[in-house]
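Asks: If it helps, the file is called data-v9.cif and holds mmCIF, C-alpha atoms (C1' of nucleotides):
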data_data
#
loop_
_atom_site.label_atom_id
_atom_site.label_comp_id
_atom_site.auth_asym_id
_atom_site.auth_seq_id
_atom_site.Cartn_x
_atom_site.Cartn_y
_atom_site.Cartn_z
CA MET A 14 4.28 -1.47 6.25
CA ALA A 15 5.25 -4.34 8.51
CA LEU A 16 9.01 -4.19 8.19
CA GLU A 17 8.99 -1.87 11.18
CA HIS A 18 7.19 -4.51 13.18
CA ALA A 19 9.47 -7.31 12.13
CA ILE A 20 12.45 -5.18 13.17
CA LEU A 21 10.82 -4.40 16.51
CA VAL A 22 10.25 -8.08 17.21
CA SER A 23 13.84 -8.84 16.35
CA LEU A 24 15.14 -6.03 18.58
CA LEU A 25 12.92 -7.13 21.45
CA GLU A 26 14.28 -10.63 21.15
CA GLN A 27 17.79 -9.20 21.04
CA PRO A 28 19.14 -5.64 20.53
CA GLY A 29 21.54 -5.15 17.66
CA SER A 30 22.97 -2.93 14.95
CA GLY A 31 21.53 -2.49 11.49
CA TYR A 32 24.18 -4.76 10.13
CA GLU A 33 23.39 -7.48 12.65
CA LEU A 34 19.69 -7.14 11.89
CA ALA A 35 20.40 -7.58 8.20
CA ARG A 36 22.23 -10.82 8.97
CA ARG A 37 19.37 -12.04 11.15
CA PHE A 38 16.98 -11.28 8.31
CA ASP A 39 19.16 -13.46 6.12
CA ARG A 40 18.76 -16.25 8.66
CA SER A 41 15.90 -16.84 11.00
CA ILE A 42 13.47 -13.95 10.57
CA GLY A 43 14.16 -13.73 6.87
CA ARG A 44 12.39 -17.03 6.37
CA PHE A 45 9.11 -15.21 6.72
CA TRP A 46 10.11 -11.60 6.19
CA THR A 47 12.90 -10.58 3.83
CA ALA A 48 14.71 -7.25 3.79
CA THR A 49 17.97 -5.88 2.43
CA HIS A 50 20.41 -3.90 4.56
CA GLN A 51 19.39 -0.74 2.72
CA GLN A 52 15.78 -1.09 3.74
CA ILE A 53 16.76 -1.88 7.30
CA TYR A 54 19.04 1.14 7.68
CA ARG A 55 16.44 3.45 6.21
CA VAL A 56 13.63 2.14 8.38
CA LEU A 57 15.81 2.17 11.50
CA ARG A 58 16.55 5.89 11.01
CA ARG A 59 12.86 6.61 10.63
CA MET A 60 12.01 4.53 13.67
CA GLU A 61 14.67 6.33 15.70
CA ALA A 62 13.22 9.69 14.63
CA ASP A 63 9.78 8.46 15.73
CA GLY A 64 11.13 7.29 19.07
CA TRP A 65 10.28 3.65 18.41
CA VAL A 66 13.86 2.54 18.98
CA ALA A 67 16.80 3.94 20.93
CA ALA A 68 20.30 3.91 19.48
CA GLU A 69 23.62 3.74 21.26
CA GLU A 70 26.97 4.26 19.56
CA VAL A 71 29.36 1.45 20.41
CA ALA A 72 33.06 1.77 19.62
CA GLN A 73 34.75 -1.48 18.67
CA ASP A 74 38.39 -2.55 18.66
CA GLY A 75 39.46 -3.51 15.19
CA ARG A 76 36.37 -2.54 13.26
CA PRO A 77 34.03 0.37 12.56
CA ASP A 78 31.79 1.75 15.26
CA LYS A 79 28.28 0.47 15.25
CA LYS A 80 24.94 1.82 16.38
CA VAL A 81 23.19 -0.69 18.59
CA TYR A 82 19.44 -0.28 18.52
CA SER A 83 16.92 -1.47 21.07
CA ALA A 84 13.15 -1.24 21.16
CA ALA A 85 11.75 1.74 23.10
CA ASP A 86 8.39 1.93 24.85
CA PRO A 87 6.58 3.78 22.04
CA GLY A 88 7.76 1.07 19.66
CA ARG A 89 6.50 -1.62 21.98
CA ALA A 90 3.16 0.17 22.18
CA ALA A 91 3.00 0.46 18.39
CA LEU A 92 3.68 -3.26 18.13
CA ALA A 93 0.88 -4.07 20.58
CA ALA A 94 -1.52 -1.87 18.61
CA TRP A 95 -0.51 -3.54 15.35
CA LEU A 96 -1.13 -6.97 16.89
CA ARG A 97 -4.74 -6.01 17.48
CA GLU A 98 -5.31 -4.67 13.98
CA PRO A 99 -7.05 -6.86 11.40
CA VAL A 100 -5.49 -8.82 8.65
CA GLU A 101 -4.27 -7.27 5.39
CA PRO A 102 -4.82 -10.28 3.18
CA GLU A 103 -1.30 -11.55 2.41
CA THR A 104 -0.43 -10.74 -1.18
CA VAL A 105 0.87 -13.89 -2.78
CA ARG A 106 3.60 -14.08 -5.41
CA HIS A 107 4.22 -17.61 -6.44
CA GLU A 108 6.50 -17.44 -9.41
CA LEU A 109 6.79 -21.17 -9.94
CA ALA A 110 3.02 -21.50 -10.31
CA VAL A 111 3.10 -18.89 -13.07
CA LYS A 112 5.93 -20.77 -14.76
CA ILE A 113 4.05 -24.04 -14.62
CA ARG A 114 1.02 -22.56 -16.30
CA ALA A 115 3.32 -20.83 -18.80
CA ALA A 116 4.85 -24.20 -19.69
CA ALA A 117 1.61 -25.09 -21.48
CA PHE A 118 2.62 -22.61 -24.21
CA ASP A 119 6.17 -23.88 -24.48
CA ASP A 120 7.86 -27.16 -23.67
CA PRO A 121 6.87 -28.59 -20.26
CA ALA A 122 10.12 -30.56 -20.21
CA ALA A 123 12.08 -27.30 -20.15
CA LEU A 124 10.80 -26.72 -16.62
CA ILE A 125 12.01 -29.96 -15.13
CA SER A 126 15.50 -28.83 -14.14
CA GLU A 127 14.08 -25.62 -12.68
CA VAL A 128 11.59 -27.54 -10.55
CA GLU A 129 14.34 -29.91 -9.45
CA ARG A 130 16.43 -26.97 -8.31
CA HIS A 131 13.50 -25.69 -6.26
CA ARG A 132 13.04 -29.14 -4.80
CA GLU A 133 16.64 -29.29 -3.70
CA SER A 134 16.57 -25.90 -2.05
CA HIS A 135 13.35 -26.71 -0.20
CA ALA A 136 14.81 -30.03 0.95
CA ALA A 137 17.90 -28.22 2.22
CA LEU A 138 15.77 -25.69 4.06
CA LEU A 139 13.74 -28.45 5.70
CA THR A 140 16.95 -30.05 6.89
CA ARG A 141 18.12 -26.76 8.36
CA TYR A 142 14.78 -26.26 10.09
CA LEU A 143 14.96 -29.72 11.63
CA HIS A 144 18.53 -29.19 12.80
CA GLY A 145 17.60 -25.77 14.18
CA GLU A 146 14.71 -27.35 16.04
CA GLN A 147 16.96 -29.89 17.71
CA ARG A 148 19.52 -27.22 18.57
CA ASP A 149 17.18 -24.51 19.87
CA PHE A 150 14.41 -26.62 21.37
CA PRO A 151 16.05 -29.74 22.82
CA ASP A 152 13.42 -30.12 25.53
CA LEU A 153 9.98 -29.46 24.11
CA ALA A 154 8.38 -29.99 27.52
CA ALA A 155 10.17 -27.00 29.08
CA LEU A 156 9.56 -23.97 26.89
CA ASP A 157 8.66 -20.49 28.08
CA THR A 158 6.11 -18.31 26.29
CA ARG A 159 8.58 -16.85 23.87
CA GLN A 160 10.00 -20.23 22.92
CA GLU A 161 6.53 -21.74 22.57
CA LEU A 162 5.64 -19.06 20.06
CA GLN A 163 8.94 -19.34 18.21
CA HIS A 164 8.44 -23.07 18.04
CA VAL A 165 4.91 -22.93 16.66
CA VAL A 166 6.21 -20.66 13.90
CA LEU A 167 9.02 -23.10 13.23
CA ARG A 168 6.52 -25.96 13.06
CA GLY A 169 4.69 -23.96 10.42
CA GLY A 170 7.90 -23.61 8.43
CA ILE A 171 8.58 -27.33 8.69
CA GLU A 172 5.09 -28.30 7.59
CA PHE A 173 5.23 -25.81 4.76
CA GLU A 174 8.46 -27.31 3.47
CA ARG A 175 7.14 -30.86 3.76
CA MET A 176 4.00 -29.91 1.86
CA THR A 177 6.04 -28.09 -0.76
CA LEU A 178 8.35 -31.04 -1.28
CA ALA A 179 5.41 -33.38 -1.79
CA TRP A 180 3.85 -30.95 -4.24
CA LEU A 181 7.07 -30.49 -6.18
CA ASP A 182 7.28 -34.27 -6.54
CA ASP A 183 3.76 -34.18 -7.90
CA VAL A 184 4.76 -31.42 -10.32
CA LEU A 185 7.81 -33.36 -11.48
CA ALA A 186 5.75 -36.49 -12.05
CA THR A 187 3.26 -34.46 -14.07
CA LEU A 188 5.97 -32.83 -16.16
CA HIS A 189 7.63 -36.18 -16.88
CA ARG A 190 4.30 -37.66 -17.87
CA LEU A 191 3.64 -34.78 -20.26
CA ALA A 192 7.16 -34.96 -21.67
CA ASP A 193 6.88 -38.71 -22.34
CA GLY A 194 3.44 -38.54 -23.86
CA GLY A 195 2.25 -35.91 -26.33
CA ARG A 196 5.22 -33.74 -27.20
CA GLY A 197 3.03 -30.95 -28.58
CA THR A 198 2.72 -27.51 -27.06
CA GLY A 199 -0.97 -28.12 -26.71
CA ASN A 200 -1.61 -24.97 -28.64
CA ARG A 201 -0.72 -22.75 -31.64
CA MET B 20 9.59 -8.40 -12.73
CA ALA B 21 7.23 -11.29 -13.36
CA LEU B 22 3.97 -9.43 -13.66
CA GLU B 23 4.62 -9.22 -17.40
CA HIS B 24 4.91 -12.98 -17.51
CA ALA B 25 1.79 -13.59 -15.48
CA ILE B 26 -0.11 -11.28 -17.83
CA LEU B 27 1.31 -13.08 -20.88
CA VAL B 28 0.17 -16.43 -19.53
CA SER B 29 -3.27 -15.06 -18.88
CA LEU B 30 -3.50 -13.55 -22.37
CA LEU B 31 -2.31 -16.77 -23.97
CA GLU B 32 -4.98 -18.67 -22.09
CA GLN B 33 -7.52 -16.07 -23.20
CA PRO B 34 -7.15 -12.58 -24.75
CA GLY B 35 -8.80 -9.74 -22.87
CA SER B 36 -8.81 -6.09 -21.88
CA GLY B 37 -6.94 -4.58 -18.95
CA TYR B 38 -10.14 -4.52 -16.99
CA GLU B 39 -10.85 -8.18 -17.67
CA LEU B 40 -7.30 -9.07 -16.70
CA ALA B 41 -7.71 -7.22 -13.43
CA ARG B 42 -10.81 -9.28 -12.68
CA ARG B 43 -9.01 -12.52 -13.54
CA PHE B 44 -6.21 -11.49 -11.19
CA ASP B 45 -8.84 -11.10 -8.50
CA ARG B 46 -9.97 -14.65 -9.19
CA SER B 47 -7.88 -17.48 -10.51
CA ILE B 48 -4.45 -16.11 -11.30
CA GLY B 49 -4.54 -13.77 -8.33
CA ARG B 50 -4.26 -16.74 -6.02
CA PHE B 51 -0.59 -16.91 -6.82
CA TRP B 52 0.09 -13.49 -8.33
CA THR B 53 -1.72 -10.37 -7.21
CA ALA B 54 -1.95 -7.08 -9.10
CA THR B 55 -4.16 -4.01 -9.06
CA HIS B 56 -5.74 -2.61 -12.19
CA GLN B 57 -3.28 0.30 -12.08
CA GLN B 58 -0.29 -1.99 -12.32
CA ILE B 59 -1.92 -3.99 -15.08
CA TYR B 60 -2.73 -0.97 -17.22
CA ARG B 61 0.77 0.44 -16.80
CA VAL B 62 2.48 -2.83 -17.64
CA LEU B 63 0.16 -3.50 -20.59
CA ARG B 64 1.11 -0.16 -22.15
CA ARG B 65 4.80 -0.95 -21.73
CA MET B 66 4.30 -4.42 -23.17
CA GLU B 67 2.44 -3.00 -26.15
CA ALA B 68 5.29 -0.53 -26.76
CA ASP B 69 7.75 -3.44 -26.63
CA GLY B 70 5.64 -5.46 -29.05
CA TRP B 71 4.96 -8.23 -26.52
CA VAL B 72 1.22 -7.86 -26.91
CA ALA B 73 -1.07 -6.58 -29.67
CA ALA B 74 -4.05 -4.38 -28.86
CA GLU B 75 -7.30 -4.03 -30.73
CA GLU B 76 -9.91 -1.39 -29.98
CA VAL B 77 -13.33 -2.93 -29.58
CA ALA B 78 -16.44 -0.75 -29.56
CA GLN B 79 -19.24 -2.00 -27.34
CA ASP B 80 -22.95 -1.24 -27.28
CA GLY B 81 -23.94 0.20 -23.95
CA ARG B 82 -20.52 0.65 -22.39
CA PRO B 83 -17.12 2.23 -22.96
CA ASP B 84 -14.82 0.94 -25.67
CA LYS B 85 -12.20 -1.49 -24.55
CA LYS B 86 -8.76 -2.44 -25.76
CA VAL B 87 -8.50 -6.18 -26.15
CA TYR B 88 -4.95 -7.41 -25.80
CA SER B 89 -3.48 -10.65 -27.03
CA ALA B 90 0.00 -12.09 -26.75
CA ALA B 91 2.27 -11.44 -29.73
CA ASP B 92 5.17 -13.60 -30.89
CA PRO B 93 7.91 -11.53 -29.20
CA GLY B 94 5.98 -11.87 -25.96
CA ARG B 95 5.70 -15.59 -26.40
CA ALA B 96 9.45 -15.74 -27.05
CA ALA B 97 10.16 -13.66 -23.94
CA LEU B 98 8.00 -16.04 -21.91
CA ALA B 99 9.88 -19.06 -23.25
CA ALA B 100 13.21 -17.41 -22.38
CA TRP B 101 11.97 -16.58 -18.88
CA LEU B 102 10.90 -20.21 -18.37
CA ARG B 103 14.49 -21.30 -18.91
CA GLU B 104 15.98 -18.75 -16.54
CA PRO B 105 16.93 -19.79 -13.02
CA VAL B 106 15.02 -19.21 -9.86
CA GLU B 107 14.94 -15.82 -8.10
CA PRO B 108 14.46 -17.11 -4.59
CA GLU B 109 10.85 -16.24 -3.73
CA THR B 110 10.81 -13.37 -1.26
CA VAL B 111 8.54 -14.38 1.57
CA ARG B 112 6.34 -12.05 3.59
CA HIS B 113 4.44 -13.93 6.21
CA GLU B 114 2.85 -11.32 8.39
CA LEU B 115 1.09 -13.73 10.71
CA ALA B 116 4.39 -15.37 11.64
CA VAL B 117 5.75 -11.97 12.64
CA LYS B 118 2.65 -11.33 14.71
CA ILE B 119 2.94 -14.66 16.48
CA ARG B 120 6.50 -13.96 17.53
CA ALA B 121 5.47 -10.42 18.47
CA ALA B 122 2.80 -11.84 20.79
CA ALA B 123 5.56 -12.96 23.15
CA PHE B 124 6.03 -9.29 24.08
CA ASP B 125 2.36 -8.61 24.53
CA ASP B 126 -0.65 -10.77 25.31
CA PRO B 127 -0.80 -13.99 23.27
CA ALA B 128 -4.56 -14.14 23.83
CA ALA B 129 -4.95 -10.88 21.89
CA LEU B 130 -4.01 -12.79 18.75
CA ILE B 131 -6.66 -15.49 18.98
CA SER B 132 -9.43 -13.67 17.14
CA GLU B 133 -7.00 -12.60 14.43
CA VAL B 134 -5.83 -16.17 13.89
CA GLU B 135 -9.44 -17.37 13.84
CA ARG B 136 -10.22 -14.87 11.11
CA HIS B 137 -7.29 -16.18 9.09
CA ARG B 138 -8.51 -19.71 9.65
CA GLU B 139 -11.94 -18.88 8.34
CA SER B 140 -10.67 -17.21 5.21
CA HIS B 141 -8.34 -20.12 4.45
CA ALA B 142 -11.19 -22.57 4.99
CA ALA B 143 -13.37 -20.56 2.60
CA LEU B 144 -10.61 -20.52 0.01
CA LEU B 145 -10.15 -24.27 0.28
CA THR B 146 -13.86 -24.75 -0.31
CA ARG B 147 -13.70 -22.55 -3.39
CA TYR B 148 -10.70 -24.47 -4.71
CA LEU B 149 -12.51 -27.76 -4.29
CA HIS B 150 -15.64 -26.47 -5.99
CA GLY B 151 -13.54 -25.01 -8.78
CA GLU B 152 -11.83 -28.36 -9.20
CA GLN B 153 -15.14 -30.17 -9.61
CA ARG B 154 -16.41 -27.54 -12.02
CA ASP B 155 -13.32 -27.14 -14.23
CA PHE B 156 -11.90 -30.65 -14.08
CA PRO B 157 -14.85 -33.02 -13.94
CA ASP B 158 -13.00 -35.82 -15.72
CA LEU B 159 -9.44 -36.06 -14.42
CA ALA B 160 -8.67 -38.87 -16.85
CA ALA B 161 -9.19 -36.69 -19.92
CA LEU B 162 -7.09 -33.55 -19.54
CA ASP B 163 -4.96 -31.93 -22.21
CA THR B 164 -1.53 -30.46 -21.48
CA ARG B 165 -2.84 -27.09 -20.47
CA GLN B 166 -5.42 -28.53 -18.12
CA GLU B 167 -2.91 -30.96 -16.61
CA LEU B 168 -0.67 -28.03 -15.73
CA GLN B 169 -3.52 -25.91 -14.43
CA HIS B 170 -4.63 -28.82 -12.32
CA VAL B 171 -1.25 -29.48 -10.78
CA VAL B 172 -1.10 -25.82 -9.74
CA LEU B 173 -4.58 -26.13 -8.28
CA ARG B 174 -3.52 -29.24 -6.37
CA GLY B 175 -0.71 -27.16 -4.91
CA GLY B 176 -3.19 -24.52 -3.80
CA ILE B 177 -5.41 -27.14 -2.22
CA GLU B 178 -2.55 -28.77 -0.35
CA PHE B 179 -1.27 -25.39 0.77
CA GLU B 180 -4.65 -24.51 2.23
CA ARG B 181 -5.00 -27.87 3.97
CA MET B 182 -1.55 -27.52 5.47
CA THR B 183 -2.27 -23.95 6.53
CA LEU B 184 -5.54 -24.92 8.21
CA ALA B 185 -3.81 -27.64 10.19
CA TRP B 186 -1.08 -25.22 11.22
CA LEU B 187 -3.54 -22.53 12.26
CA ASP B 188 -5.30 -25.10 14.46
CA ASP B 189 -1.91 -25.81 16.00
CA VAL B 190 -1.34 -22.07 16.51
CA LEU B 191 -4.75 -21.66 18.12
CA ALA B 192 -4.15 -24.59 20.47
CA THR B 193 -0.81 -23.08 21.45
CA LEU B 194 -2.29 -19.63 22.06
CA HIS B 195 -5.09 -21.09 24.18
CA ARG B 196 -2.60 -23.10 26.20
CA LEU B 197 -0.49 -19.99 26.82
CA ALA B 198 -3.55 -17.92 27.69
CA ASP B 199 -4.77 -20.50 30.24
CA GLY B 200 -1.42 -21.04 31.86
CA GLY B 201 1.13 -18.34 32.66
CA ARG B 202 -0.44 -14.98 31.94
CA GLY B 203 2.91 -13.16 31.96
CA THR B 204 4.45 -11.45 28.97
CA GLY B 205 7.46 -13.66 29.42
CA ASN B 206 9.64 -10.59 29.50
CA ARG B 207 10.22 -7.05 30.81
"C1'" DA C 23 52.36 -6.99 -2.25
"C1'" DT C 24 48.00 -7.87 -3.86
"C1'" DT C 25 43.62 -9.82 -3.92
"C1'" DG C 26 39.51 -10.81 -1.87
"C1'" DC C 27 36.37 -11.11 1.97
"C1'" DC C 28 34.21 -9.34 6.34
"C1'" DT C 29 32.32 -5.68 9.35
"C1'" DA C 30 29.61 -1.39 9.22
"C1'" DT C 31 27.03 2.42 7.31
"C1'" DG C 32 25.25 5.11 3.85
"C1'" DC C 33 23.86 7.91 -0.81
"C1'" DA C 34 21.59 8.05 -5.27
"C1'" DA C 35 18.91 6.36 -8.83
"C1'" DC C 36 15.73 3.34 -10.18
"C1'" DT C 37 11.73 0.03 -10.41
"C1'" DT C 38 7.49 -1.73 -8.28
"C1'" DG C 39 3.46 -1.43 -5.96
"C1'" DT C 40 -0.35 1.37 -3.60
"C1'" DT C 41 -3.92 4.89 -2.92
"C1'" DG C 42 -6.88 8.41 -4.15
"C1'" DC C 43 -9.15 10.50 -7.49
"C1'" DA C 44 -11.39 11.55 -12.24
"C1'" DT C 45 -14.17 10.58 -16.22
"C1'" DA C 46 -18.37 8.65 -18.34
"C1'" DG C 47 -22.37 6.21 -19.65
"C1'" DC C 48 -25.67 2.71 -18.31
"C1'" DA C 49 -28.57 -0.30 -15.13
"C1'" DG C 50 -31.24 -1.20 -11.10
"C1'" DG C 51 -33.36 -0.19 -6.84
"C1'" DA C 52 -35.26 3.19 -3.01
"C1'" DT D 22 -35.16 11.22 -8.78
"C1'" DC D 23 -31.23 10.16 -6.63
"C1'" DC D 24 -27.99 6.87 -5.17
"C1'" DT D 25 -25.34 2.97 -5.73
"C1'" DG D 26 -22.75 -0.02 -8.49
"C1'" DC D 27 -20.74 -1.87 -12.78
"C1'" DT D 28 -17.76 -1.48 -17.01
"C1'" DA D 29 -13.53 0.74 -18.67
"C1'" DT D 30 -9.40 3.51 -18.59
"C1'" DG D 31 -6.26 6.57 -16.77
"C1'" DC D 32 -3.33 10.48 -14.05
"C1'" DA D 33 -0.70 11.87 -10.04
"C1'" DA D 34 1.52 11.32 -5.86
"C1'" DC D 35 3.38 8.47 -2.80
"C1'" DA D 36 5.48 4.35 -0.34
"C1'" DA D 37 8.23 0.32 -0.59
"C1'" DG D 38 11.83 -2.35 -2.37
"C1'" DT D 39 16.14 -3.06 -5.38
"C1'" DT D 40 20.72 -2.24 -7.34
"C1'" DG D 41 25.00 -0.20 -7.80
"C1'" DC D 42 28.33 2.11 -5.75
"C1'" DA D 43 31.33 4.40 -2.00
"C1'" DT D 44 33.92 4.53 2.20
"C1'" DA D 45 37.13 2.46 5.44
"C1'" DG D 46 39.83 -0.44 8.28
"C1'" DG D 47 41.13 -5.27 9.35
"C1'" DC D 48 42.06 -10.13 8.34
"C1'" DA D 49 43.65 -14.09 5.78
"C1'" DA D 50 45.43 -16.33 2.03
"C1'" DT D 51 48.21 -16.23 -2.42
#
Could you write out this file's structure as structure tokens?
Replies:
Amino acid sequence: MALEHAILVSLLEQPGSGYELARRFDRSIGRFWTATHQQIYRVLRRMEADGWVAAEEVAQDGRPDKKVYSAADPGRAALAAWLREPVEPETVRHELAVKIRAAAFDDPAALISEVERHRESHAALLTRYLHGEQRDFPDLAALDTRQELQHVVLRGGIEFERMTLAWLDDVLATLHRLADGGRGTGNR
Amino acid sequence: MALEHAILVSLLEQPGSGYELARRFDRSIGRFWTATHQQIYRVLRRMEADGWVAAEEVAQDGRPDKKVYSAADPGRAALAAWLREPVEPETVRHELAVKIRAAAFDDPAALISEVERHRESHAALLTRYLHGEQRDFPDLAALDTRQELQHVVLRGGIEFERMTLAWLDDVLATLHRLADGGRGTGNR
DNA sequence: ATTGCCTATGCAACTTGTTGCATAGCAGGA
DNA sequence: TCCTGCTATGCAACAAGTTGCATAGGCAAT
């Protein structure tokens, strides 16, 4: 139910078309809220019908027209109301944790390459975060409210990736230890 | 698509009825894979039709009969195949991060109580993890394969909660700073 | 010339996940 | 006695998210 709100935030930060929003969701916002272009188009039409966003047709030179959306006052009000609502307890889906526990009933060594792939992608993401930080926040002493809030979210992303990398190293060490030692499945 | 696999892992660790599975998902497994009883019942019926699990009707004294499920060989094989499949890149939905960025267009101070509530629930979860660790893994030097893997997942949960608590303190400090200083919305 | 990729939007069909309700007997407290 | 709550399973309707495909022009490389 929060895709609407993520879209509103993105449009408040910068108006754009559905297509542009989809690309933003692949980049910055998508780090903490994913969505496909299909979802975005569908939700945008509903939000336009509800008056949360306003659309403007923009003709372009060598490419298709686009509809540029921007947040309207009722949308802004809905966002403010949502901010004040309580939690909704974050449903977690951590596939790798399931796989690790599943490895007890198969060969733990079979997971090593998978965990290494995860490790690499988290390391790459951390690097991108750190580069993005240097690019977007060169002077940490001179940030306005919006940048302060963007930066504290980014810090969360950075710390999450650091923690994850350390944990994945721990997982790898554990898997290697189990692969070297008893080769049994531990069961059956 | 991984609920089947989470259920298989849980049934391999311990056979049980749909109801019992739902309760386990509310406790241990649910920390990294949530599911309602509706989902579990539906998926269990499909898995039984596919031969992934075997069901046995068990009459009980003072309460309704139950169907106790256990993992069957085809299910175990499907789990092993899934273990060897590549990633599926973890769709993230971090509502609080969206709210924090949204606060730039409203009053950052309005978020403080919400963040404090999150902080409390993460602190409570960390405490439960640590108690569970002492209860289930009293002797870390004498763990079998299954326990080693369960413990490394638990360590991940513990580190995640510690990291999250530190970040939420950072968020709170930032929100307080913004609330004390410029009271503007930073925009409009 | 053809192939493939990018912008830009959308339909249709499908799978997942959620919410509300129903049944049904038993246990414990007000 | 009535009400609440627990075990145990399930239907029905809905909301959210995914996948495959279609259109349609332009650009760049082969």
Asks: Using all atoms listed in the file and a distance of at most 7 Å, pull out the residues of chain B that contact chain D, as a list in words.
Replies: Tyr38, Arg82, Pro83 and Lys85 of chain B
Asks: Distance cut-off 9 Å, counting all atoms listed in the file - which residues of chain C neighbour chain A? Return them as a ChimeraX atom specification.
Replies: /C:29-32
Asks: Applying 8 Å and only C-alpha atoms (C1' of nucleotides), which residues near A:Gly88 remain after dropping the ones on its own chain fewer than 3 positions away? List them as a ChimeraX atom specification.
Replies: /A:21,64-66,84-85,91-92
Asks: Just how far from atom CA of A:Ala67 is atom CA of A:Gln27, in Å to one decimal?
Replies: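 Distance between the two atoms: 13.2 Å.
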Asks: Quick one: 5 Å padding each side, axis-aligned, all listed atoms of stretch 27-44 of chain C - centre and edge lengths in Å to one decimal, as AutoDock Vina command-line options?
Replies:
--center_x 12.5 --center_y 0.2 --center_z -1.4 --size_x 57.8 --size_y 32.7 --size_z 31.6
Asks: To one decimal in Å, tell me the separation between atom CA of B:Leu144 and atom CA of B:Leu40.
Replies: 20.5 Å
Asks: As an exercise, work out the distance from atom CA of B:Glu135 to atom CA of B:Asp188 in Å and give it to one decimal place.
Replies: 8.8 Å
Asks: Just write stretch 28-44 of chain D with C-alpha atoms (C1' of nucleotides), as a short mmCIF file (atom, residue, chain, number, x, y, z; two decimals), in the first residue's frame, taken from the block above.
Replies:
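Below you can see part-v5.cif, which holds the result:
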data_model
loop_
_atom_site.label_atom_id
_atom_site.label_comp_id
_atom_site.auth_asym_id
_atom_site.auth_seq_id
_atom_site.Cartn_x
_atom_site.Cartn_y
_atom_site.Cartn_z
"C1'" DT D 28 -6.69 -25.36 18.41
"C1'" DA D 29 -7.54 -26.50 13.55
"C1'" DT D 30 -8.95 -25.90 8.81
"C1'" DG D 31 -10.92 -23.66 5.12
"C1'" DC D 32 -13.76 -20.52 1.47
"C1'" DA D 33 -14.28 -16.22 -1.00
"C1'" DA D 34 -13.07 -11.86 -2.49
"C1'" DC D 35 -9.79 -8.73 -3.08
"C1'" DA D 36 -5.22 -6.22 -3.58
"C1'" DA D 37 -0.55 -6.33 -5.01
"C1'" DG D 38 3.07 -7.83 -7.83
"C1'" DT D 39 5.03 -10.41 -12.03
"C1'" DT D 40 5.61 -11.87 -16.83
"C1'" DG D 41 4.95 -11.81 -21.55
"C1'" DC D 42 3.75 -9.35 -25.17
"C1'" DA D 43 2.48 -5.24 -28.29
"C1'" DT D 44 3.15 -0.79 -30.34
#
